$ cat coords_22.pdb   # PDB, N, CA and C atoms and all ligand atoms
ATOM      1  N   MET A 247     117.039 238.588 -18.594
ATOM      2  CA  MET A 247     117.637 237.273 -18.477
ATOM      3  C   MET A 247     116.583 236.189 -18.591
ATOM      4  N   GLY A 248     116.520 235.610 -19.713
ATOM      5  CA  GLY A 248     115.528 234.577 -19.938
ATOM      6  C   GLY A 248     114.108 235.125 -20.000
ATOM      7  N   ARG A 249     114.041 236.429 -19.987
ATOM      8  CA  ARG A 249     112.724 237.032 -20.035
ATOM      9  C   ARG A 249     112.148 236.947 -21.447
ATOM     10  N   LYS A 250     110.884 236.736 -21.501
ATOM     11  CA  LYS A 250     110.229 236.672 -22.814
ATOM     12  C   LYS A 250     110.236 238.057 -23.444
ATOM     13  N   ARG A 251     110.242 238.104 -24.743
ATOM     14  CA  ARG A 251     110.216 239.391 -25.427
ATOM     15  C   ARG A 251     108.916 239.500 -26.205
ATOM     16  N   PRO A 252     107.863 239.850 -25.498
ATOM     17  CA  PRO A 252     106.561 239.899 -26.186
ATOM     18  C   PRO A 252     106.548 240.900 -27.338
ATOM     19  N   GLU A 253     107.372 241.968 -27.211
ATOM     20  CA  GLU A 253     107.360 242.990 -28.275
ATOM     21  C   GLU A 253     107.903 242.422 -29.586
ATOM     22  N   ARG A 254     108.832 241.456 -29.454
ATOM     23  CA  ARG A 254     109.374 240.845 -30.666
ATOM     24  C   ARG A 254     108.289 240.006 -31.361
ATOM     25  N   THR A 255     107.536 239.275 -30.551
ATOM     26  CA  THR A 255     106.441 238.470 -31.094
ATOM     27  C   THR A 255     105.418 239.363 -31.781
ATOM     28  N   ALA A 256     105.155 240.489 -31.132
ATOM     29  CA  ALA A 256     104.185 241.430 -31.694
ATOM     30  C   ALA A 256     104.699 241.980 -33.013
ATOM     31  N   ARG A 257     106.011 242.259 -33.062
ATOM     32  CA  ARG A 257     106.589 242.805 -34.283
ATOM     33  C   ARG A 257     106.475 241.784 -35.417
ATOM     34  N   ARG A 258     106.764 240.515 -35.056
ATOM     35  CA  ARG A 258     106.677 239.471 -36.063
ATOM     36  C   ARG A 258     105.252 239.360 -36.622
ATOM     37  N   ALA A 259     104.282 239.475 -35.738
ATOM     38  CA  ALA A 259     102.883 239.415 -36.164
ATOM     39  C   ALA A 259     102.561 240.596 -37.065
ATOM     40  N   ASN A 260     103.134 241.762 -36.713
ATOM     41  CA  ASN A 260     102.930 242.953 -37.540
ATOM     42  C   ASN A 260     103.524 242.778 -38.924
ATOM     43  N   GLU A 261     104.731 242.206 -38.960
ATOM     44  CA  GLU A 261     105.393 241.988 -40.244
ATOM     45  C   GLU A 261     104.596 241.026 -41.106
ATOM     46  N   ARG A 262     104.047 240.010 -40.434
ATOM     47  CA  ARG A 262     103.237 239.031 -41.154
ATOM     48  C   ARG A 262     101.987 239.719 -41.728
ATOM     49  N   ALA A 263     101.377 240.546 -40.912
ATOM     50  CA  ALA A 263     100.177 241.266 -41.346
ATOM     51  C   ALA A 263     100.510 242.208 -42.493
ATOM     52  N   ALA A 264     101.685 242.844 -42.413
ATOM     53  CA  ALA A 264     102.101 243.774 -43.465
ATOM     54  C   ALA A 264     102.319 243.032 -44.776
ATOM     55  N   ARG A 265     102.941 241.855 -44.684
ATOM     56  CA  ARG A 265     103.160 241.063 -45.902
ATOM     57  C   ARG A 265     101.842 240.626 -46.511
ATOM     58  N   GLN A 266     100.923 240.251 -45.656
ATOM     59  CA  GLN A 266      99.603 239.834 -46.125
ATOM     60  C   GLN A 266      98.898 241.001 -46.812
ATOM     61  N   LEU A 267      99.065 242.190 -46.261
ATOM     62  CA  LEU A 267      98.451 243.382 -46.828
ATOM     63  C   LEU A 267      99.025 243.662 -48.213
ATOM     64  N   VAL A 268     100.339 243.502 -48.348
ATOM     65  CA  VAL A 268     101.000 243.689 -49.639
ATOM     66  C   VAL A 268     100.418 242.704 -50.649
ATOM     67  N   ARG A 269     100.278 241.453 -50.223
ATOM     68  CA  ARG A 269      99.721 240.431 -51.123
ATOM     69  C   ARG A 269      98.289 240.756 -51.514
ATOM     70  N   ASP A 270      97.496 241.184 -50.525
ATOM     71  CA  ASP A 270      96.094 241.524 -50.790
ATOM     72  C   ASP A 270      95.994 242.668 -51.784
ATOM     73  N   ARG A 271      96.855 243.672 -51.600
ATOM     74  CA  ARG A 271      96.830 244.822 -52.508
ATOM     75  C   ARG A 271      97.223 244.412 -53.913
ATOM     76  N   GLU A 272      98.212 243.506 -54.002
ATOM     77  CA  GLU A 272      98.636 243.017 -55.317
ATOM     78  C   GLU A 272      97.491 242.261 -55.998
ATOM     79  N   LYS A 273      96.802 241.451 -55.201
ATOM     80  CA  LYS A 273      95.688 240.661 -55.726
ATOM     81  C   LYS A 273      94.596 241.586 -56.262
ATOM     82  N   LEU A 274      94.304 242.609 -55.475
ATOM     83  CA  LEU A 274      93.277 243.581 -55.840
ATOM     84  C   LEU A 274      93.689 244.335 -57.113
ATOM     85  N   ALA A 275      94.964 244.709 -57.186
ATOM     86  CA  ALA A 275      95.467 245.434 -58.352
ATOM     87  C   ALA A 275      95.365 244.572 -59.607
ATOM     88  N   ALA A 276      95.638 243.271 -59.448
ATOM     89  CA  ALA A 276      95.577 242.357 -60.586
ATOM     90  C   ALA A 276      94.136 242.200 -61.075
ATOM     91  N   LEU A 277      93.204 242.315 -60.149
ATOM     92  CA  LEU A 277      91.795 242.149 -60.493
ATOM     93  C   LEU A 277      91.167 243.437 -61.028
ATOM     94  N   SER A 278      91.773 244.563 -60.702
ATOM     95  CA  SER A 278      91.179 245.830 -61.114
ATOM     96  C   SER A 278      91.471 246.112 -62.586
ATOM     97  N   THR A 279      90.753 247.065 -63.137
ATOM     98  CA  THR A 279      90.889 247.412 -64.546
ATOM     99  C   THR A 279      92.331 247.822 -64.853
ATOM    100  N   GLY A 280      92.872 247.234 -65.923
ATOM    101  CA  GLY A 280      94.239 247.547 -66.312
ATOM    102  C   GLY A 280      95.256 246.570 -65.734
ATOM    103  N   GLY A 281      94.799 245.744 -64.794
ATOM    104  CA  GLY A 281      95.702 244.804 -64.140
ATOM    105  C   GLY A 281      95.937 243.524 -64.914
ATOM    106  N   SER A 282      95.139 243.291 -65.933
ATOM    107  CA  SER A 282      95.310 242.082 -66.725
ATOM    108  C   SER A 282      94.880 242.312 -68.164
ATOM    109  N   LYS A 283      95.326 241.399 -69.011
ATOM    110  CA  LYS A 283      94.994 241.433 -70.429
ATOM    111  C   LYS A 283      93.474 241.355 -70.634
ATOM    112  N   GLU A 284      92.803 240.627 -69.744
ATOM    113  CA  GLU A 284      91.356 240.431 -69.860
ATOM    114  C   GLU A 284      90.573 241.668 -69.447
ATOM    115  N   HIS A 285      91.191 242.514 -68.634
ATOM    116  CA  HIS A 285      90.505 243.728 -68.174
ATOM    117  C   HIS A 285      91.374 244.958 -68.421
ATOM    118  N   PRO A 286      91.576 245.278 -69.680
ATOM    119  CA  PRO A 286      92.433 246.436 -69.981
ATOM    120  C   PRO A 286      91.714 247.756 -69.746
ATOM    121  N   ILE A 287      92.495 248.812 -69.583
ATOM    122  CA  ILE A 287      91.946 250.161 -69.501
ATOM    123  C   ILE A 287      91.692 250.624 -70.936
ATOM    124  N   HIS A 288      90.495 251.079 -71.205
ATOM    125  CA  HIS A 288      90.174 251.525 -72.559
ATOM    126  C   HIS A 288      90.656 252.956 -72.776
ATOM    127  N   VAL A 289      91.366 253.153 -73.862
ATOM    128  CA  VAL A 289      91.814 254.495 -74.207
ATOM    129  C   VAL A 289      91.477 254.780 -75.676
ATOM    130  N   ASP A 290      91.373 256.075 -75.992
ATOM    131  CA  ASP A 290      91.023 256.480 -77.359
ATOM    132  C   ASP A 290      92.180 256.289 -78.324
ATOM    133  N   SER A 291      93.386 256.541 -77.826
ATOM    134  CA  SER A 291      94.553 256.416 -78.700
ATOM    135  C   SER A 291      95.784 256.088 -77.876
ATOM    136  N   ALA A 292      96.829 255.623 -78.559
ATOM    137  CA  ALA A 292      98.068 255.249 -77.886
ATOM    138  C   ALA A 292      98.694 256.441 -77.167
ATOM    139  N   ALA A 293      98.413 257.636 -77.691
ATOM    140  CA  ALA A 293      98.985 258.853 -77.109
ATOM    141  C   ALA A 293      98.474 259.106 -75.694
ATOM    142  N   VAL A 294      97.312 258.545 -75.394
ATOM    143  CA  VAL A 294      96.693 258.781 -74.089
ATOM    144  C   VAL A 294      97.263 257.846 -73.011
ATOM    145  N   VAL A 295      97.876 256.754 -73.460
ATOM    146  CA  VAL A 295      98.372 255.736 -72.531
ATOM    147  C   VAL A 295      99.276 256.332 -71.446
ATOM    148  N   GLU A 296     100.241 257.155 -71.891
ATOM    149  CA  GLU A 296     101.183 257.726 -70.934
ATOM    150  C   GLU A 296     100.495 258.646 -69.927
ATOM    151  N   VAL A 297      99.511 259.387 -70.422
ATOM    152  CA  VAL A 297      98.763 260.291 -69.547
ATOM    153  C   VAL A 297      97.997 259.486 -68.498
ATOM    154  N   ARG A 298      97.392 258.380 -68.959
ATOM    155  CA  ARG A 298      96.634 257.534 -68.038
ATOM    156  C   ARG A 298      97.540 256.898 -66.991
ATOM    157  N   VAL A 299      98.716 256.465 -67.425
ATOM    158  CA  VAL A 299      99.688 255.862 -66.502
ATOM    159  C   VAL A 299     100.015 256.850 -65.388
ATOM    160  N   ARG A 300     100.222 258.118 -65.771
ATOM    161  CA  ARG A 300     100.573 259.137 -64.784
ATOM    162  C   ARG A 300      99.435 259.437 -63.829
ATOM    163  N   SER A 301      98.199 259.197 -64.272
ATOM    164  CA  SER A 301      97.041 259.504 -63.430
ATOM    165  C   SER A 301      96.750 258.377 -62.439
ATOM    166  N   LEU A 302      97.401 257.226 -62.644
ATOM    167  CA  LEU A 302      97.179 256.100 -61.742
ATOM    168  C   LEU A 302      98.134 256.167 -60.551
ATOM    169  N   ALA A 303      97.707 255.533 -59.453
ATOM    170  CA  ALA A 303      98.541 255.533 -58.258
ATOM    171  C   ALA A 303      98.925 254.107 -57.889
ATOM    172  N   CYS A 304     100.096 253.958 -57.335
ATOM    173  CA  CYS A 304     100.581 252.668 -56.870
ATOM    174  C   CYS A 304      99.661 252.131 -55.776
ATOM    175  N   PRO A 305      99.189 250.869 -55.897
ATOM    176  CA  PRO A 305      98.293 250.331 -54.880
ATOM    177  C   PRO A 305      98.998 250.101 -53.534
ATOM    178  N   GLN A 306     100.302 250.057 -53.545
ATOM    179  CA  GLN A 306     101.046 249.825 -52.297
ATOM    180  C   GLN A 306     101.267 251.104 -51.496
ATOM    181  N   CYS A 307     101.577 252.197 -52.193
ATOM    182  CA  CYS A 307     101.951 253.406 -51.449
ATOM    183  C   CYS A 307     101.307 254.668 -52.003
ATOM    184  N   ALA A 308     100.471 254.523 -53.045
ATOM    185  CA  ALA A 308      99.801 255.653 -53.685
ATOM    186  C   ALA A 308     100.779 256.600 -54.374
ATOM    187  N   GLY A 309     101.992 256.118 -54.643
ATOM    188  CA  GLY A 309     102.970 256.926 -55.383
ATOM    189  C   GLY A 309     102.655 256.954 -56.863
ATOM    190  N   ASN A 310     103.427 257.732 -57.595
ATOM    191  CA  ASN A 310     103.218 257.843 -59.040
ATOM    192  C   ASN A 310     104.056 256.819 -59.790
ATOM    193  N   TYR A 311     103.539 256.426 -60.943
ATOM    194  CA  TYR A 311     104.242 255.460 -61.778
ATOM    195  C   TYR A 311     105.174 256.148 -62.761
ATOM    196  N   ARG A 312     106.237 255.443 -63.059
ATOM    197  CA  ARG A 312     107.132 255.864 -64.121
ATOM    198  C   ARG A 312     107.036 254.811 -65.212
ATOM    199  N   LEU A 313     106.939 255.256 -66.450
ATOM    200  CA  LEU A 313     106.816 254.332 -67.566
ATOM    201  C   LEU A 313     108.194 253.749 -67.893
ATOM    202  N   ILE A 314     108.303 252.442 -67.880
ATOM    203  CA  ILE A 314     109.580 251.782 -68.159
ATOM    204  C   ILE A 314     109.642 251.320 -69.619
ATOM    205  N   ASP A 315     108.598 250.627 -70.028
ATOM    206  CA  ASP A 315     108.605 250.059 -71.374
ATOM    207  C   ASP A 315     107.171 249.795 -71.804
ATOM    208  N   HIS A 316     106.932 249.800 -73.102
ATOM    209  CA  HIS A 316     105.613 249.354 -73.525
ATOM    210  C   HIS A 316     105.687 248.582 -74.835
ATOM    211  N   ARG A 317     104.829 247.601 -74.905
ATOM    212  CA  ARG A 317     104.807 246.702 -76.053
ATOM    213  C   ARG A 317     103.398 246.646 -76.627
ATOM    214  N   ALA A 318     103.328 246.168 -77.846
ATOM    215  CA  ALA A 318     102.032 245.946 -78.489
ATOM    216  C   ALA A 318     101.937 244.466 -78.839
ATOM    217  N   PRO A 319     101.532 243.629 -77.864
ATOM    218  CA  PRO A 319     101.476 242.176 -78.088
ATOM    219  C   PRO A 319     100.417 241.778 -79.119
ATOM    220  N   ALA A 320      99.443 242.640 -79.309
ATOM    221  CA  ALA A 320      98.407 242.383 -80.311
ATOM    222  C   ALA A 320      97.908 243.718 -80.830
ATOM    223  N   SER A 321      97.252 243.683 -81.954
ATOM    224  CA  SER A 321      96.727 244.917 -82.525
ATOM    225  C   SER A 321      95.726 245.559 -81.565
ATOM    226  N   GLY A 322      95.938 246.833 -81.279
ATOM    227  CA  GLY A 322      95.021 247.545 -80.396
ATOM    228  C   GLY A 322      95.244 247.291 -78.924
ATOM    229  N   LEU A 323      96.255 246.474 -78.604
ATOM    230  CA  LEU A 323      96.535 246.162 -77.206
ATOM    231  C   LEU A 323      97.915 246.692 -76.825
ATOM    232  N   ARG A 324      98.016 247.303 -75.665
ATOM    233  CA  ARG A 324      99.304 247.801 -75.192
ATOM    234  C   ARG A 324      99.599 247.227 -73.818
ATOM    235  N   GLU A 325     100.793 246.689 -73.691
ATOM    236  CA  GLU A 325     101.257 246.130 -72.418
ATOM    237  C   GLU A 325     102.322 247.090 -71.909
ATOM    238  N   VAL A 326     102.070 247.712 -70.784
ATOM    239  CA  VAL A 326     102.955 248.773 -70.305
ATOM    240  C   VAL A 326     103.607 248.396 -68.979
ATOM    241  N   ASP A 327     104.930 248.375 -68.982
ATOM    242  CA  ASP A 327     105.672 248.123 -67.747
ATOM    243  C   ASP A 327     105.912 249.447 -67.044
ATOM    244  N   VAL A 328     105.492 249.503 -65.792
ATOM    245  CA  VAL A 328     105.706 250.718 -65.021
ATOM    246  C   VAL A 328     106.375 250.361 -63.707
ATOM    247  N   LYS A 329     106.909 251.392 -63.066
ATOM    248  CA  LYS A 329     107.554 251.197 -61.778
ATOM    249  C   LYS A 329     107.151 252.362 -60.901
ATOM    250  N   CYS A 330     106.860 252.069 -59.646
ATOM    251  CA  CYS A 330     106.469 253.131 -58.727
ATOM    252  C   CYS A 330     107.687 253.988 -58.399
ATOM    253  N   ASP A 331     107.526 255.292 -58.530
ATOM    254  CA  ASP A 331     108.617 256.218 -58.240
ATOM    255  C   ASP A 331     108.942 256.249 -56.760
ATOM    256  N   GLN A 332     107.974 255.919 -55.938
ATOM    257  CA  GLN A 332     108.137 256.041 -54.490
ATOM    258  C   GLN A 332     108.672 254.773 -53.835
ATOM    259  N   CYS A 333     107.990 253.619 -54.088
ATOM    260  CA  CYS A 333     108.414 252.386 -53.419
ATOM    261  C   CYS A 333     109.109 251.416 -54.367
ATOM    262  N   GLY A 334     109.109 251.739 -55.655
ATOM    263  CA  GLY A 334     109.842 250.916 -56.620
ATOM    264  C   GLY A 334     109.121 249.655 -57.058
ATOM    265  N   ALA A 335     107.859 249.500 -56.651
ATOM    266  CA  ALA A 335     107.110 248.305 -57.034
ATOM    267  C   ALA A 335     106.840 248.302 -58.537
ATOM    268  N   PRO A 336     107.215 247.222 -59.216
ATOM    269  CA  PRO A 336     106.950 247.146 -60.653
ATOM    270  C   PRO A 336     105.540 246.646 -60.912
ATOM    271  N   ARG A 337     104.981 247.028 -62.055
ATOM    272  CA  ARG A 337     103.635 246.591 -62.401
ATOM    273  C   ARG A 337     103.489 246.592 -63.915
ATOM    274  N   THR A 338     102.661 245.703 -64.391
ATOM    275  CA  THR A 338     102.355 245.713 -65.816
ATOM    276  C   THR A 338     100.899 246.112 -65.970
ATOM    277  N   LEU A 339     100.679 247.157 -66.763
ATOM    278  CA  LEU A 339      99.328 247.641 -66.992
ATOM    279  C   LEU A 339      98.918 247.337 -68.435
ATOM    280  N   TRP A 340      97.630 247.092 -68.600
ATOM    281  CA  TRP A 340      97.109 246.743 -69.925
ATOM    282  C   TRP A 340      96.142 247.805 -70.422
ATOM    283  N   PHE A 341      96.316 248.151 -71.685
ATOM    284  CA  PHE A 341      95.450 249.147 -72.306
ATOM    285  C   PHE A 341      94.894 248.598 -73.608
ATOM    286  N   LYS A 342      93.681 248.989 -73.885
ATOM    287  CA  LYS A 342      93.069 248.618 -75.151
ATOM    288  C   LYS A 342      92.693 249.897 -75.887
ATOM    289  N   LEU A 343      93.143 249.969 -77.132
ATOM    290  CA  LEU A 343      92.819 251.162 -77.921
ATOM    291  C   LEU A 343      91.431 251.003 -78.506
ATOM    292  N   VAL A 344      90.554 251.880 -78.076
ATOM    293  CA  VAL A 344      89.175 251.837 -78.547
ATOM    294  C   VAL A 344      88.928 253.093 -79.360
ATOM    295  N   THR A 345      88.759 252.927 -80.621
ATOM    296  CA  THR A 345      88.537 254.091 -81.462
ATOM    297  C   THR A 345      87.124 254.091 -82.029
ATOM    298  N   SER A 346      86.568 255.279 -82.111
ATOM    299  CA  SER A 346      85.210 255.407 -82.659
ATOM    300  C   SER A 346      85.267 255.502 -84.180
ATOM    301  N   GLU A 347      86.487 255.697 -84.711
ATOM    302  CA  GLU A 347      86.625 255.794 -86.163
ATOM    303  C   GLU A 347      86.512 254.417 -86.793
ATOM    304  N   PRO A 348      85.939 254.353 -87.990
ATOM    305  CA  PRO A 348      85.866 253.049 -88.660
ATOM    306  C   PRO A 348      87.242 252.609 -89.116
ATOM    307  N   ASN A 349      87.512 251.337 -89.079
ATOM    308  CA  ASN A 349      88.814 250.819 -89.477
ATOM    309  C   ASN A 349      88.953 250.739 -90.992
TER     310      ASN A 349
HETATM  311 ZN    ZN B   1     104.518 252.445 -54.605
END

$ encode --input "coords_22.pdb" --output "structure tokens" --more "lines below"
Ligand SMILES: [Zn+2]
Amino acid sequence: MGRKRPERTARRANERAARQLVRDREKLAALSTGGSKEHPIHVDSAAVVEVRVRSLACPQCAGNYRLIDHRAPASGLREVDVKCDQCGAPRTLWFKLVTSEPN
């Protein structure tokens, strides 16, 4: 009766911290290789892209990615939409095709 609920305040602080953690992880993912057009993951061929996607883990829950769609916005560049199989977080990964063969 009119008693304070410190546990609720604590929960709210936890939720705030959790949201901040999600944001921090997103920021880190955007800065890491493959997270942006400026820092694509280098691959030998387009065929390797799917394999690389499967080898990556979701920064939020370490789950596996599922490939949703991929585009070629520029020659040698692949923009890949993926979704985490575990938490459902969507992400766009960038790949650059680096070939040792002469063009
Ligand atoms: Zn996830």

$ resolve_selection --input "coords_22.pdb" --expression "the PyMOL selection byres (((chain A and resi 317 and name CA) around 12) and not hetatm and name CA)" --output "short mmCIF file (atom, residue, chain, number, x, y, z; two decimals) with N, CA and C atoms, keeping the file's coordinate frame"
data_model
loop_
_atom_site.label_atom_id
_atom_site.label_comp_id
_atom_site.auth_asym_id
_atom_site.auth_seq_id
_atom_site.Cartn_x
_atom_site.Cartn_y
_atom_site.Cartn_z
N ALA A 292 96.83 255.62 -78.56
CA ALA A 292 98.07 255.25 -77.89
C ALA A 292 98.69 256.44 -77.17
N VAL A 295 97.88 256.75 -73.46
CA VAL A 295 98.37 255.74 -72.53
C VAL A 295 99.28 256.33 -71.45
N LEU A 313 106.94 255.26 -66.45
CA LEU A 313 106.82 254.33 -67.57
C LEU A 313 108.19 253.75 -67.89
N ILE A 314 108.30 252.44 -67.88
CA ILE A 314 109.58 251.78 -68.16
C ILE A 314 109.64 251.32 -69.62
N ASP A 315 108.60 250.63 -70.03
CA ASP A 315 108.60 250.06 -71.37
C ASP A 315 107.17 249.80 -71.80
N HIS A 316 106.93 249.80 -73.10
CA HIS A 316 105.61 249.35 -73.53
C HIS A 316 105.69 248.58 -74.83
N ALA A 318 103.33 246.17 -77.85
CA ALA A 318 102.03 245.95 -78.49
C ALA A 318 101.94 244.47 -78.84
N PRO A 319 101.53 243.63 -77.86
CA PRO A 319 101.48 242.18 -78.09
C PRO A 319 100.42 241.78 -79.12
N ALA A 320 99.44 242.64 -79.31
CA ALA A 320 98.41 242.38 -80.31
C ALA A 320 97.91 243.72 -80.83
N SER A 321 97.25 243.68 -81.95
CA SER A 321 96.73 244.92 -82.52
C SER A 321 95.73 245.56 -81.56
N GLY A 322 95.94 246.83 -81.28
CA GLY A 322 95.02 247.54 -80.40
C GLY A 322 95.24 247.29 -78.92
N LEU A 323 96.26 246.47 -78.60
CA LEU A 323 96.54 246.16 -77.21
C LEU A 323 97.92 246.69 -76.82
N ARG A 324 98.02 247.30 -75.67
CA ARG A 324 99.30 247.80 -75.19
C ARG A 324 99.60 247.23 -73.82
N GLU A 325 100.79 246.69 -73.69
CA GLU A 325 101.26 246.13 -72.42
C GLU A 325 102.32 247.09 -71.91
N VAL A 326 102.07 247.71 -70.78
CA VAL A 326 102.96 248.77 -70.31
C VAL A 326 103.61 248.40 -68.98
N ASP A 327 104.93 248.38 -68.98
CA ASP A 327 105.67 248.12 -67.75
C ASP A 327 105.91 249.45 -67.04
N VAL A 328 105.49 249.50 -65.79
CA VAL A 328 105.71 250.72 -65.02
C VAL A 328 106.38 250.36 -63.71
N THR A 338 102.66 245.70 -64.39
CA THR A 338 102.36 245.71 -65.82
C THR A 338 100.90 246.11 -65.97
N LEU A 339 100.68 247.16 -66.76
CA LEU A 339 99.33 247.64 -66.99
C LEU A 339 98.92 247.34 -68.44
N TRP A 340 97.63 247.09 -68.60
CA TRP A 340 97.11 246.74 -69.92
C TRP A 340 96.14 247.80 -70.42
N PHE A 341 96.32 248.15 -71.68
CA PHE A 341 95.45 249.15 -72.31
C PHE A 341 94.89 248.60 -73.61
N LYS A 342 93.68 248.99 -73.89
CA LYS A 342 93.07 248.62 -75.15
C LYS A 342 92.69 249.90 -75.89
#

$ residues_near_ligand --input "coords_22.pdb" --ligand "ligand ZN 1 (chain B)" --cutoff "9 Å" --atoms "only C-alpha atoms and all ligand atoms" --output "JSON, numbers by chain"
{"A": [303, 304, 305, 306, 307, 308, 309, 310, 311, 329, 330, 331, 332, 333, 334, 335, 336]}

$ write_last_selection --input "coords_22.pdb" --atoms "N, CA and C atoms" --output "PDB file, keeping the file's coordinate frame"
ATOM      1  N   ALA A 303      97.707 255.533 -59.453  1.00  0.00           N
ATOM      2  CA  ALA A 303      98.541 255.533 -58.258  1.00  0.00           C
ATOM      3  C   ALA A 303      98.925 254.107 -57.889  1.00  0.00           C
ATOM      4  N   CYS A 304     100.096 253.958 -57.335  1.00  0.00           N
ATOM      5  CA  CYS A 304     100.581 252.668 -56.870  1.00  0.00           C
ATOM      6  C   CYS A 304      99.661 252.131 -55.776  1.00  0.00           C
ATOM      7  N   PRO A 305      99.189 250.869 -55.897  1.00  0.00           N
ATOM      8  CA  PRO A 305      98.293 250.331 -54.880  1.00  0.00           C
ATOM      9  C   PRO A 305      98.998 250.101 -53.534  1.00  0.00           C
ATOM     10  N   GLN A 306     100.302 250.057 -53.545  1.00  0.00           N
ATOM     11  CA  GLN A 306     101.046 249.825 -52.297  1.00  0.00           C
ATOM     12  C   GLN A 306     101.267 251.104 -51.496  1.00  0.00           C
ATOM     13  N   CYS A 307     101.577 252.197 -52.193  1.00  0.00           N
ATOM     14  CA  CYS A 307     101.951 253.406 -51.449  1.00  0.00           C
ATOM     15  C   CYS A 307     101.307 254.668 -52.003  1.00  0.00           C
ATOM     16  N   ALA A 308     100.471 254.523 -53.045  1.00  0.00           N
ATOM     17  CA  ALA A 308      99.801 255.653 -53.685  1.00  0.00           C
ATOM     18  C   ALA A 308     100.779 256.600 -54.374  1.00  0.00           C
ATOM     19  N   GLY A 309     101.992 256.118 -54.643  1.00  0.00           N
ATOM     20  CA  GLY A 309     102.970 256.926 -55.383  1.00  0.00           C
ATOM     21  C   GLY A 309     102.655 256.954 -56.863  1.00  0.00           C
ATOM     22  N   ASN A 310     103.427 257.732 -57.595  1.00  0.00           N
ATOM     23  CA  ASN A 310     103.218 257.843 -59.040  1.00  0.00           C
ATOM     24  C   ASN A 310     104.056 256.819 -59.790  1.00  0.00           C
ATOM     25  N   TYR A 311     103.539 256.426 -60.943  1.00  0.00           N
ATOM     26  CA  TYR A 311     104.242 255.460 -61.778  1.00  0.00           C
ATOM     27  C   TYR A 311     105.174 256.148 -62.761  1.00  0.00           C
ATOM     28  N   LYS A 329     106.909 251.392 -63.066  1.00  0.00           N
ATOM     29  CA  LYS A 329     107.554 251.197 -61.778  1.00  0.00           C
ATOM     30  C   LYS A 329     107.151 252.362 -60.901  1.00  0.00           C
ATOM     31  N   CYS A 330     106.860 252.069 -59.646  1.00  0.00           N
ATOM     32  CA  CYS A 330     106.469 253.131 -58.727  1.00  0.00           C
ATOM     33  C   CYS A 330     107.687 253.988 -58.399  1.00  0.00           C
ATOM     34  N   ASP A 331     107.526 255.292 -58.530  1.00  0.00           N
ATOM     35  CA  ASP A 331     108.617 256.218 -58.240  1.00  0.00           C
ATOM     36  C   ASP A 331     108.942 256.249 -56.760  1.00  0.00           C
ATOM     37  N   GLN A 332     107.974 255.919 -55.938  1.00  0.00           N
ATOM     38  CA  GLN A 332     108.137 256.041 -54.490  1.00  0.00           C
ATOM     39  C   GLN A 332     108.672 254.773 -53.835  1.00  0.00           C
ATOM     40  N   CYS A 333     107.990 253.619 -54.088  1.00  0.00           N
ATOM     41  CA  CYS A 333     108.414 252.386 -53.419  1.00  0.00           C
ATOM     42  C   CYS A 333     109.109 251.416 -54.367  1.00  0.00           C
ATOM     43  N   GLY A 334     109.109 251.739 -55.655  1.00  0.00           N
ATOM     44  CA  GLY A 334     109.842 250.916 -56.620  1.00  0.00           C
ATOM     45  C   GLY A 334     109.121 249.655 -57.058  1.00  0.00           C
ATOM     46  N   ALA A 335     107.859 249.500 -56.651  1.00  0.00           N
ATOM     47  CA  ALA A 335     107.110 248.305 -57.034  1.00  0.00           C
ATOM     48  C   ALA A 335     106.840 248.302 -58.537  1.00  0.00           C
ATOM     49  N   PRO A 336     107.215 247.222 -59.216  1.00  0.00           N
ATOM     50  CA  PRO A 336     106.950 247.146 -60.653  1.00  0.00           C
ATOM     51  C   PRO A 336     105.540 246.646 -60.912  1.00  0.00           C
TER      52      PRO A 336
END

$ select_by_dssp --input "coords_22.pdb" --residues "region 297-336 of chain A" --states "helix (DSSP H, G or I)" --output "list in words"
Val297, Arg298, Val299, Arg300 and Ser301 of chain A

$ resolve_selection --input "coords_22.pdb" --expression "the PyMOL selection byres (((chain A and resi 344) around 5) and not hetatm)" --output "VMD selection string"
chain A and resid 289 to 290 342 to 343 345 to 346

$ select_by_dssp --input "coords_22.pdb" --residues "region 294-342 of chain A" --states "strand (DSSP E)" --output "number ranges by chain"
A: 311-320, 323-330, 336-342

$ atom_distance --input "coords_22.pdb" --atom1 "CA of Glu261 (chain A)" --atom2 "CA of Lys273 (chain A)"
18.3 Å

$ atom_distance --input "coords_22.pdb" --atom1 "atom C of Val297 (chain A)" --atom2 "atom N of Arg312 (chain A)"
10.7 Å

$ atom_distance --input "coords_22.pdb" --atom1 "CA of Thr279 (chain A)" --atom2 "atom C of Ala263 (chain A)"
24.6 Å
